[in-house]
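Listing of upload.cif, mmCIF, C-alpha atoms
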```cif
data_my_file
loop_
_atom_site.label_atom_id
_atom_site.label_comp_id
_atom_site.auth_asym_id
_atom_site.auth_seq_id
_atom_site.Cartn_x
_atom_site.Cartn_y
_atom_site.Cartn_z
CA MET A 1 36.75 -8.54 -76.52
CA THR A 2 39.47 -10.31 -78.50
CA ALA A 3 41.45 -13.27 -77.21
CA ALA A 4 44.57 -11.08 -77.00
CA GLY A 5 42.66 -8.51 -74.95
CA ALA A 6 41.36 -11.19 -72.60
CA ILE A 7 44.86 -12.60 -72.11
CA ALA A 8 46.27 -9.12 -71.48
CA GLY A 9 43.55 -8.43 -68.92
CA ALA A 10 44.23 -11.72 -67.13
CA VAL A 11 47.97 -11.01 -67.04
CA GLY A 12 47.27 -7.52 -65.68
CA ARG A 13 45.10 -8.93 -62.91
CA GLU A 14 47.73 -11.50 -62.00
CA ARG A 15 50.36 -8.78 -61.79
CA ALA A 16 48.08 -6.65 -59.63
CA VAL A 17 47.44 -9.51 -57.22
CA GLY A 18 51.16 -10.27 -57.15
CA ARG A 19 51.99 -6.65 -56.31
CA LEU A 20 49.40 -6.71 -53.54
CA ILE A 21 50.72 -9.94 -52.06
CA ARG A 22 54.32 -8.68 -52.18
CA GLN A 23 53.38 -5.99 -49.64
CA PRO A 24 53.66 -7.74 -46.24
CA LEU A 25 51.13 -5.56 -44.43
CA ALA A 26 48.64 -5.64 -47.30
CA ALA A 27 49.04 -9.42 -47.57
CA ALA A 28 48.39 -9.74 -43.84
CA GLY A 29 45.27 -7.58 -44.15
CA LEU A 30 44.07 -9.64 -47.11
CA ALA A 31 44.61 -12.87 -45.15
CA ILE A 32 42.69 -11.56 -42.12
CA VAL A 33 39.76 -10.26 -44.18
CA ALA A 34 39.64 -13.43 -46.31
CA ALA A 35 39.60 -15.63 -43.20
CA PHE A 36 36.84 -13.61 -41.58
CA LEU A 37 34.80 -13.61 -44.79
CA PHE A 38 35.15 -17.37 -45.11
CA VAL A 39 34.04 -17.94 -41.52
CA ALA A 40 31.11 -15.53 -41.88
CA ILE A 41 29.89 -17.09 -45.13
CA ALA A 42 30.32 -20.64 -43.80
CA ALA A 43 28.54 -19.88 -40.49
CA PRO A 44 25.31 -21.77 -41.39
CA ILE A 45 27.20 -25.02 -42.09
CA LEU A 46 29.78 -24.87 -39.31
CA PRO A 47 29.35 -27.41 -36.46
CA ILE A 48 28.44 -24.80 -33.85
CA PRO A 49 25.27 -24.38 -31.78
CA ALA A 50 22.66 -21.77 -32.59
CA PRO A 51 23.80 -18.32 -31.42
CA ASP A 52 20.53 -17.67 -29.55
CA LEU A 53 20.33 -21.08 -27.84
CA ALA A 54 20.29 -20.28 -24.11
CA ALA A 55 21.21 -22.71 -21.32
CA PRO A 56 21.08 -20.81 -17.98
CA ALA A 57 22.49 -23.79 -16.11
CA GLU A 58 25.70 -23.52 -18.16
CA ARG A 59 26.21 -19.79 -17.78
CA LEU A 60 29.61 -18.04 -17.66
CA HIS A 61 31.79 -21.06 -18.31
CA PRO A 62 35.38 -19.98 -19.12
CA PRO A 63 37.07 -20.85 -22.43
CA LEU A 64 38.29 -24.45 -22.93
CA SER A 65 36.08 -25.65 -20.08
CA GLY A 66 34.20 -28.21 -22.14
CA GLN A 67 31.28 -25.83 -22.72
CA GLY A 68 32.33 -24.27 -25.99
CA LEU A 69 35.77 -23.30 -27.24
CA LEU A 70 35.36 -19.70 -25.99
CA GLY A 71 33.04 -20.50 -23.09
CA THR A 72 29.50 -19.26 -22.52
CA ASP A 73 27.91 -15.92 -21.68
CA GLN A 74 25.54 -14.86 -18.91
CA LEU A 75 22.63 -16.75 -20.54
CA GLY A 76 24.62 -19.88 -21.30
CA ARG A 77 24.92 -19.11 -25.01
CA ASP A 78 28.04 -20.25 -26.87
CA VAL A 79 30.39 -17.27 -27.20
CA LEU A 80 32.20 -18.62 -30.29
CA SER A 81 28.91 -19.15 -32.11
CA ARG A 82 27.74 -15.65 -31.27
CA VAL A 83 31.06 -14.12 -32.37
CA ILE A 84 30.87 -15.91 -35.73
CA TRP A 85 27.27 -14.88 -36.36
CA GLY A 86 27.96 -11.40 -35.02
CA LEU A 87 30.89 -11.13 -37.42
CA ARG A 88 28.54 -12.11 -40.25
CA VAL A 89 26.07 -9.39 -39.27
CA SER A 90 28.75 -6.72 -38.78
CA LEU A 91 30.34 -7.43 -42.16
CA ALA A 92 26.98 -7.31 -43.93
CA VAL A 93 25.93 -4.07 -42.25
CA GLY A 94 29.34 -2.45 -42.78
CA ALA A 95 29.40 -3.42 -46.46
CA ALA A 96 25.85 -2.16 -47.01
CA ALA A 97 26.55 1.15 -45.29
CA THR A 98 29.79 1.59 -47.25
CA LEU A 99 28.11 0.90 -50.60
CA ALA A 100 25.26 3.29 -49.80
CA ALA A 101 27.59 6.09 -48.68
CA ALA A 102 29.89 5.53 -51.67
CA PHE A 103 27.01 5.60 -54.16
CA VAL A 104 25.29 8.70 -52.78
CA GLY A 105 28.48 10.59 -51.97
CA SER A 106 30.12 9.80 -55.32
CA THR A 107 26.99 10.86 -57.20
CA ILE A 108 26.93 14.19 -55.36
CA GLY A 109 30.63 14.75 -56.00
CA LEU A 110 30.40 13.91 -59.72
CA VAL A 111 27.33 16.08 -60.32
CA ALA A 112 28.83 19.01 -58.38
CA ALA A 113 32.11 18.87 -60.32
CA PHE A 114 30.45 18.37 -63.72
CA TYR A 115 27.88 21.19 -63.56
CA GLY A 116 29.79 23.58 -61.29
CA ARG A 117 28.60 27.07 -60.32
CA LEU A 118 25.15 27.06 -58.72
CA VAL A 119 24.81 23.27 -58.60
CA ASP A 120 28.27 22.87 -57.12
CA GLY A 121 27.67 25.62 -54.58
CA ALA A 122 24.30 24.23 -53.46
CA LEU A 123 25.48 20.64 -53.12
CA MET A 124 28.71 21.52 -51.34
CA ARG A 125 26.92 23.78 -48.88
CA LEU A 126 24.64 20.86 -48.05
CA VAL A 127 27.73 18.68 -47.54
CA ASP A 128 29.24 21.39 -45.33
CA VAL A 129 26.13 21.40 -43.16
CA LEU A 130 26.44 17.63 -42.64
CA MET A 131 30.15 17.93 -41.87
CA ALA A 132 29.48 20.69 -39.33
CA PHE A 133 27.84 18.16 -37.00
CA PRO A 134 30.02 15.72 -35.03
CA TYR A 135 29.53 12.45 -36.89
CA LEU A 136 28.62 10.43 -33.81
CA LEU A 137 26.05 12.96 -32.60
CA LEU A 138 24.53 13.09 -36.09
CA ALA A 139 24.34 9.29 -36.20
CA LEU A 140 22.71 9.24 -32.76
CA ALA A 141 20.19 11.86 -33.91
CA VAL A 142 19.28 9.84 -37.01
CA VAL A 143 18.84 6.63 -35.01
CA ALA A 144 16.84 8.48 -32.35
CA ALA A 145 14.52 9.83 -35.06
CA LEU A 146 14.10 6.50 -36.89
CA GLY A 147 14.23 4.16 -33.90
CA PRO A 148 16.81 1.56 -32.79
CA GLY A 149 17.70 -1.31 -35.08
CA LEU A 150 20.48 -2.51 -37.35
CA THR A 151 18.87 -1.16 -40.51
CA ASN A 152 18.47 2.31 -39.06
CA ALA A 153 21.98 2.18 -37.59
CA ALA A 154 23.42 1.30 -41.00
CA LEU A 155 21.42 4.13 -42.57
CA ALA A 156 22.71 6.59 -39.97
CA ILE A 157 26.32 5.53 -40.50
CA ALA A 158 25.90 5.84 -44.28
CA ILE A 159 24.46 9.35 -43.97
CA VAL A 160 27.28 10.67 -41.78
CA ASN A 161 29.91 9.27 -44.19
CA VAL A 162 28.36 10.65 -47.40
CA PRO A 163 30.25 14.00 -47.10
CA PHE A 164 33.64 12.28 -47.09
CA PHE A 165 32.94 10.51 -50.38
CA ALA A 166 31.37 13.64 -51.89
CA ARG A 167 34.37 15.83 -51.06
CA ALA A 168 36.95 13.31 -52.24
CA VAL A 169 35.18 12.50 -55.52
CA ARG A 170 34.45 16.13 -56.31
CA GLY A 171 38.11 17.04 -55.85
CA ALA A 172 39.22 14.26 -58.19
CA ALA A 173 36.49 14.94 -60.77
CA LEU A 174 37.37 18.64 -61.00
CA GLY A 175 40.67 17.62 -62.55
CA VAL A 176 38.87 15.53 -65.17
CA VAL A 177 35.91 17.63 -66.35
CA GLY A 178 38.19 20.11 -68.13
CA ARG A 179 40.13 17.51 -70.11
CA ASP A 180 40.06 17.46 -73.91
CA TYR A 181 38.32 14.10 -74.17
CA VAL A 182 35.42 15.37 -72.04
CA ASP A 183 35.07 18.41 -74.33
CA ALA A 184 35.21 16.08 -77.33
CA ALA A 185 32.42 13.97 -75.85
CA ARG A 186 30.28 17.09 -75.44
CA MET A 187 30.96 18.15 -79.02
CA ALA A 188 30.00 14.64 -80.18
CA GLY A 189 26.54 15.18 -78.70
CA LEU A 190 26.78 12.65 -75.87
CA SER A 191 24.31 13.15 -73.04
CA ASP A 192 25.50 14.43 -69.66
CA LEU A 193 24.69 11.07 -68.04
CA ARG A 194 26.75 9.19 -70.61
CA ILE A 195 29.70 11.55 -70.23
CA LEU A 196 29.58 11.14 -66.47
CA ALA A 197 29.34 7.35 -66.73
CA THR A 198 31.87 6.70 -69.50
CA GLU A 199 34.38 9.56 -69.36
CA ILE A 200 34.55 10.87 -65.80
CA LEU A 201 33.52 7.97 -63.55
CA PRO A 202 36.22 5.54 -64.80
CA ASN A 203 38.89 8.11 -63.98
CA VAL A 204 37.74 8.57 -60.37
CA ALA A 205 36.72 4.94 -59.78
CA PRO A 206 40.08 3.99 -58.20
CA LEU A 207 39.66 6.79 -55.67
CA ILE A 208 36.14 5.56 -54.84
CA VAL A 209 37.39 2.00 -54.36
CA VAL A 210 40.26 3.09 -52.12
CA THR A 211 38.03 5.40 -50.07
CA ALA A 212 35.46 2.64 -49.61
CA ALA A 213 38.12 0.10 -48.63
CA THR A 214 39.71 2.41 -46.06
CA THR A 215 36.32 3.57 -44.72
CA MET A 216 34.58 0.21 -44.33
CA GLY A 217 36.51 -0.69 -41.18
CA TRP A 218 35.60 2.65 -39.63
CA MET A 219 31.93 2.13 -40.53
CA ILE A 220 31.94 -1.31 -38.89
CA LEU A 221 33.45 0.28 -35.78
CA GLU A 222 30.79 3.02 -35.79
CA THR A 223 28.00 0.46 -36.18
CA ALA A 224 29.45 -1.55 -33.30
CA GLY A 225 29.47 1.64 -31.23
CA LEU A 226 25.78 2.23 -31.86
CA SER A 227 25.01 -1.41 -31.01
CA PHE A 228 27.11 -1.07 -27.85
CA LEU A 229 24.83 1.81 -26.83
CA GLY A 230 21.75 -0.32 -27.52
CA LEU A 231 20.77 1.53 -30.71
CA GLY A 232 21.89 -1.11 -33.22
CA ALA A 233 21.23 -4.84 -33.03
CA GLN A 234 18.39 -5.70 -30.69
CA PRO A 235 18.26 -8.83 -28.47
CA PRO A 236 18.59 -11.68 -29.12
CA GLN A 237 20.38 -10.90 -32.42
CA ALA A 238 24.14 -11.39 -32.25
CA ASP A 239 26.29 -8.41 -33.20
CA LEU A 240 29.86 -7.61 -32.19
CA GLY A 241 28.88 -4.27 -30.69
CA SER A 242 25.91 -5.59 -28.72
CA MET A 243 28.06 -8.49 -27.46
CA LEU A 244 30.56 -5.96 -26.12
CA GLY A 245 27.70 -4.17 -24.36
CA ASP A 246 26.46 -7.41 -22.82
CA GLY A 247 29.97 -8.48 -21.81
CA ARG A 248 30.56 -5.19 -20.01
CA LYS A 249 28.02 -6.23 -17.36
CA VAL A 250 30.04 -9.32 -16.39
CA LEU A 251 33.50 -7.97 -17.15
CA ALA A 252 34.84 -8.57 -13.65
CA SER A 253 33.68 -12.17 -13.30
CA ALA A 254 33.80 -13.36 -16.93
CA PRO A 255 36.09 -11.15 -19.06
CA HIS A 256 36.02 -13.61 -21.97
CA VAL A 257 32.44 -12.61 -22.81
CA ALA A 258 33.61 -9.12 -23.81
CA ALA A 259 37.16 -10.04 -24.86
CA ALA A 260 36.11 -12.39 -27.69
CA PRO A 261 34.00 -9.87 -29.67
CA GLY A 262 36.47 -7.11 -28.82
CA VAL A 263 39.42 -9.00 -30.29
CA ALA A 264 37.35 -9.99 -33.35
CA THR A 265 36.38 -6.35 -33.96
CA PHE A 266 39.98 -5.21 -33.53
CA LEU A 267 41.38 -7.78 -35.97
CA LEU A 268 38.67 -7.10 -38.53
CA VAL A 269 39.18 -3.33 -38.53
CA VAL A 270 42.98 -3.68 -38.64
CA GLY A 271 42.72 -6.15 -41.52
CA LEU A 272 40.41 -3.86 -43.50
CA ASN A 273 42.68 -0.86 -42.93
CA LEU A 274 45.80 -2.77 -44.02
CA LEU A 275 44.00 -4.07 -47.10
CA GLY A 276 42.75 -0.57 -47.90
CA ASP A 277 46.28 0.81 -47.71
CA GLY A 278 47.47 -1.95 -50.01
CA LEU A 279 44.73 -1.21 -52.53
CA ARG A 280 45.65 2.48 -52.42
CA ASP A 281 49.25 1.67 -53.33
CA LEU A 282 48.11 -0.84 -55.96
CA LEU A 283 45.82 1.62 -57.74
CA ASP A 284 48.31 4.50 -57.58
CA PRO A 285 50.13 4.51 -60.94
CA ARG A 286 53.21 6.06 -59.30
CA MET A 287 53.61 2.91 -57.20
CA ALA A 288 53.64 0.50 -60.16
CA ASP A 289 56.27 -2.18 -59.55
CA GLY A 290 57.84 0.11 -56.96
CA ARG A 291 59.94 1.88 -59.60
CA ASP A 292 58.19 5.22 -59.36
CA ALA A 293 57.49 5.21 -55.65
CA PRO A 294 57.87 8.63 -54.01
CA GLY A 295 61.41 9.24 -52.75
CA PRO A 296 63.64 12.07 -51.60
CA ALA A 297 63.49 15.13 -53.86
CA THR A 298 67.13 16.05 -53.16
CA ARG A 299 70.10 13.73 -53.10
CA VAL A 300 73.11 14.51 -50.93
CA GLU A 301 76.39 13.61 -52.59
CA ARG A 302 79.61 13.47 -50.61
CA GLU A 303 83.10 13.42 -52.02
CA ALA A 304 86.58 13.81 -50.60
CA GLN A 305 88.43 16.97 -51.46
CA ASP A 306 92.00 17.73 -50.30
CA GLY A 307 91.80 15.13 -47.55
CA GLY A 308 88.55 16.58 -46.19
CA ALA A 309 84.87 15.75 -46.71
CA ALA A 310 82.77 18.12 -48.75
CA SER A 311 79.11 17.76 -49.70
CA HIS A 312 76.79 19.41 -52.15
CA LEU A 313 73.14 19.06 -53.08
CA SER A 314 71.85 17.97 -56.44
CA PRO A 315 68.21 17.81 -57.59
#
```
Here is the file; what I need is its structure written in the form of structure tokens.
Amino acid sequence: MTAAGAIAGAVGRERAVGRLIRQPLAAAGLAIVAAFLFVAIAAPILPIPAPDLAAPAERLHPPLSGQGLLGTDQLGRDVLSRVIWGLRVSLAVGAAATLAAAFVGSTIGLVAAFYGRLVDGALMRLVDVLMAFPYLLLALAVVAALGPGLTNAALAIAIVNVPFFARAVRGAALGVVGRDYVDAARMAGLSDLRILATEILPNVAPLIVVTAATTMGWMILETAGLSFLGLGAQPPQADLGSMLGDGRKVLASAPHVAAAPGVATFLLVVGLNLLGDGLRDLLDPRMADGRDAPGPATRVEREAQDGGAASHLSP
């Protein structure tokens, strides 16, 4: 890469970040996600007690009582520490499930669109079968077959979200496989794998990124749901969903035990959704600099005629 190309790429990235920050909601989502990521990554060096350190004599202390900033749970464990470590686990599991679903689903969509006919029909019928099952029931069935645990819960969530990536990527790739440059690559003797990787994938990559960004929050919520039911994280491991399940038992006497992980989950999912929407607008070429943003197709013009108001439509 030349120096001019490197400078142009840096300028393009700065403009992209600037456009993202200029969107208030996207900037808020970015701030929330960045703060949560920082706290999760810094968890091992933060001055907080171990999340599994129990002290039954100090159980169910309320927030700001001198026993932890957010109080303690029914076993005397620090709620703030468990929320931070649970956030770390939930982010890692959600990211892993999103990457797995995006990789498998995108591969299915690309192959189906590229080869078409029998391959397309067979792969899409398989996707239709997966989509025919309610996603939560399918996730429960997968976890029931493999056994409870975070790894199996992440695998189940990835499996039930593969069809969404496959459908979206196939639809976008169908508009690319018939382009002239793809035909030229075939005539040049490039292999199918190289055409898929160098000609088709770059054109659908923005869609994959946007779909992953907008789906990750939902996957974290689904994983928390499985943990809430006891099928995800197993005691004593801290996880936002399992903490909600534990807090439900003492909701009447100590609502802070459930409120803390619930608020953390809510803010995380909202932040990811806002950031995903911002990335969608950023990667949409029609939204560049806001000049080509979608607007009304018909403009109403009003003008005074003979002392009265008349209006007509213009395209």
For this session: Find the spatial neighbours of range 137-144 of chain A, counting all atoms listed in the file, within a cut-off of 12 Å - ignore same-chain residues fewer than 3 positions away - and output them as a PyMOL selection string.
Result: chain A and resi 129-134+147-162+219+222-223+225-227+229-233
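Listed by chain and then by number, the residues chosen by the PyMOL selection byres ((chain A and resi 51) around 6) in this file are A:Ala50, A:Asp52, A:Leu53, A:Ser81, A:Arg82.
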Output C-alpha atoms for every residue in the selection just made, as a PDB file, keeping the file's coordinate frame.
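The resulting result16.pdb:
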```pdb
ATOM      1  CA  ALA A  50      22.660 -21.770 -32.590  1.00  0.00           C
ATOM      2  CA  ASP A  52      20.530 -17.670 -29.550  1.00  0.00           C
ATOM      3  CA  LEU A  53      20.330 -21.080 -27.840  1.00  0.00           C
ATOM      4  CA  SER A  81      28.910 -19.150 -32.110  1.00  0.00           C
ATOM      5  CA  ARG A  82      27.740 -15.650 -31.270  1.00  0.00           C
TER       6      ARG A  82
END
```
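Interatomic distance, CA of Leu244 in chain A against CA of Gly262 in chain A: 6.6 Å.
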For this session: Excluding Asp128 in chain A and any residue of its chain fewer than 5 positions from it, enumerate the residues within 10 Å of it, using all atoms listed in the file, and give them as a ChimeraX atom specification.
Result: /A:122-123,133,163,167
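Between CA of Lys249 in chain A and CA of Pro235 in chain A the separation is 15.0 Å.
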Exercise. What does the PyMOL selection byres ((chain A and resi 240) around 8) select in this file, as a ChimeraX atom specification?
Worked result: /A:83,86-87,90,224,227,238-239,241-244,261-262,264-265
For the residues selected in the previous step, produce a file with C-alpha atoms as a tab-separated table (two decimals), keeping the file's coordinate frame.
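The result, stored in again.tsv:
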```tsv
chain	number	residue	atom	x	y	z
A	83	VAL	CA	31.06	-14.12	-32.37
A	86	GLY	CA	27.96	-11.40	-35.02
A	87	LEU	CA	30.89	-11.13	-37.42
A	90	SER	CA	28.75	-6.72	-38.78
A	224	ALA	CA	29.45	-1.55	-33.30
A	227	SER	CA	25.01	-1.41	-31.01
A	238	ALA	CA	24.14	-11.39	-32.25
A	239	ASP	CA	26.29	-8.41	-33.20
A	241	GLY	CA	28.88	-4.27	-30.69
A	242	SER	CA	25.91	-5.59	-28.72
A	243	MET	CA	28.06	-8.49	-27.46
A	244	LEU	CA	30.56	-5.96	-26.12
A	261	PRO	CA	34.00	-9.87	-29.67
A	262	GLY	CA	36.47	-7.11	-28.82
A	264	ALA	CA	37.35	-9.99	-33.35
A	265	THR	CA	36.38	-6.35	-33.96
```
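Of the residues listed (A:Ile32, A:Ile220, A:Leu60, A:Leu91), A:Leu60 shows the shortest atom-to-atom separation from Gly247 in chain A; distances use all atoms listed in the file.
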For this session: Would you mind reading off the distance between CA of Gly109 in chain A and CA of Val169 in chain A, one decimal, in Å?
Result: 5.1 Å
Could you give me, as a PDB file with C-alpha atoms, in the coordinates of the input, the residues within 6 Å of range 67-80 of chain A, counting all atoms listed in the file and dropping anything in the same chain fewer than 6 positions from it?
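As written to disk, selection-v6.pdb reads:
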```pdb
ATOM      1  CA  LEU A  53      20.330 -21.080 -27.840  1.00  0.00           C
ATOM      2  CA  ALA A  54      20.290 -20.280 -24.110  1.00  0.00           C
ATOM      3  CA  ALA A  55      21.210 -22.710 -21.320  1.00  0.00           C
ATOM      4  CA  PRO A  56      21.080 -20.810 -17.980  1.00  0.00           C
ATOM      5  CA  GLU A  58      25.700 -23.520 -18.160  1.00  0.00           C
ATOM      6  CA  ARG A  59      26.210 -19.790 -17.780  1.00  0.00           C
ATOM      7  CA  LEU A  60      29.610 -18.040 -17.660  1.00  0.00           C
ATOM      8  CA  HIS A  61      31.790 -21.060 -18.310  1.00  0.00           C
ATOM      9  CA  VAL A 257      32.440 -12.610 -22.810  1.00  0.00           C
TER      10      VAL A 257
END
```
Range 161-165 of chain A, all listed atoms, 6 Å padding on each side: what axis-aligned box centre and edge lengths in Å to one decimal come out, as lines of an AutoDock Vina configuration file?
```
center_x = 31.0
center_y = 11.6
center_z = -47.3
size_x = 17.3
size_y = 16.7
size_z = 18.2
```
For this session: Pull the neighbourhood of (38.2, 15.0, -71.7) for me: all residues within 12 Å in file coordinates, counting only C-alpha atoms, as JSON, numbers by chain.
Result: {"A": [114, 173, 174, 175, 176, 177, 178, 179, 180, 181, 182, 183, 184, 185, 186, 187, 188, 195, 196, 198, 199, 200, 201, 202, 203]}
For this session: For range 271-284 of chain A, list every protein, DNA or RNA residue within 8 Å, evaluated using all atoms listed in the file, and leave out those in the same chain fewer than 3 positions away; present the list as a list in words.
Result: Ala16, Arg19, Leu20, Gln23, Leu25, Ala26, Ala27, Ala28, Gly29, Leu30, Ala31, Ile32, Val33, Pro206, Val210, Thr211, Ala213, Thr214, Thr215, Met216, Gly217, Leu267, Leu268, Met287 and Ala288 of chain A
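Each of A:Pro236, A:Ile84, A:Phe228, A:Ala260 was compared to Leu46 in chain A using only C-alpha atoms, and A:Ile84 turns out to be the nearest.
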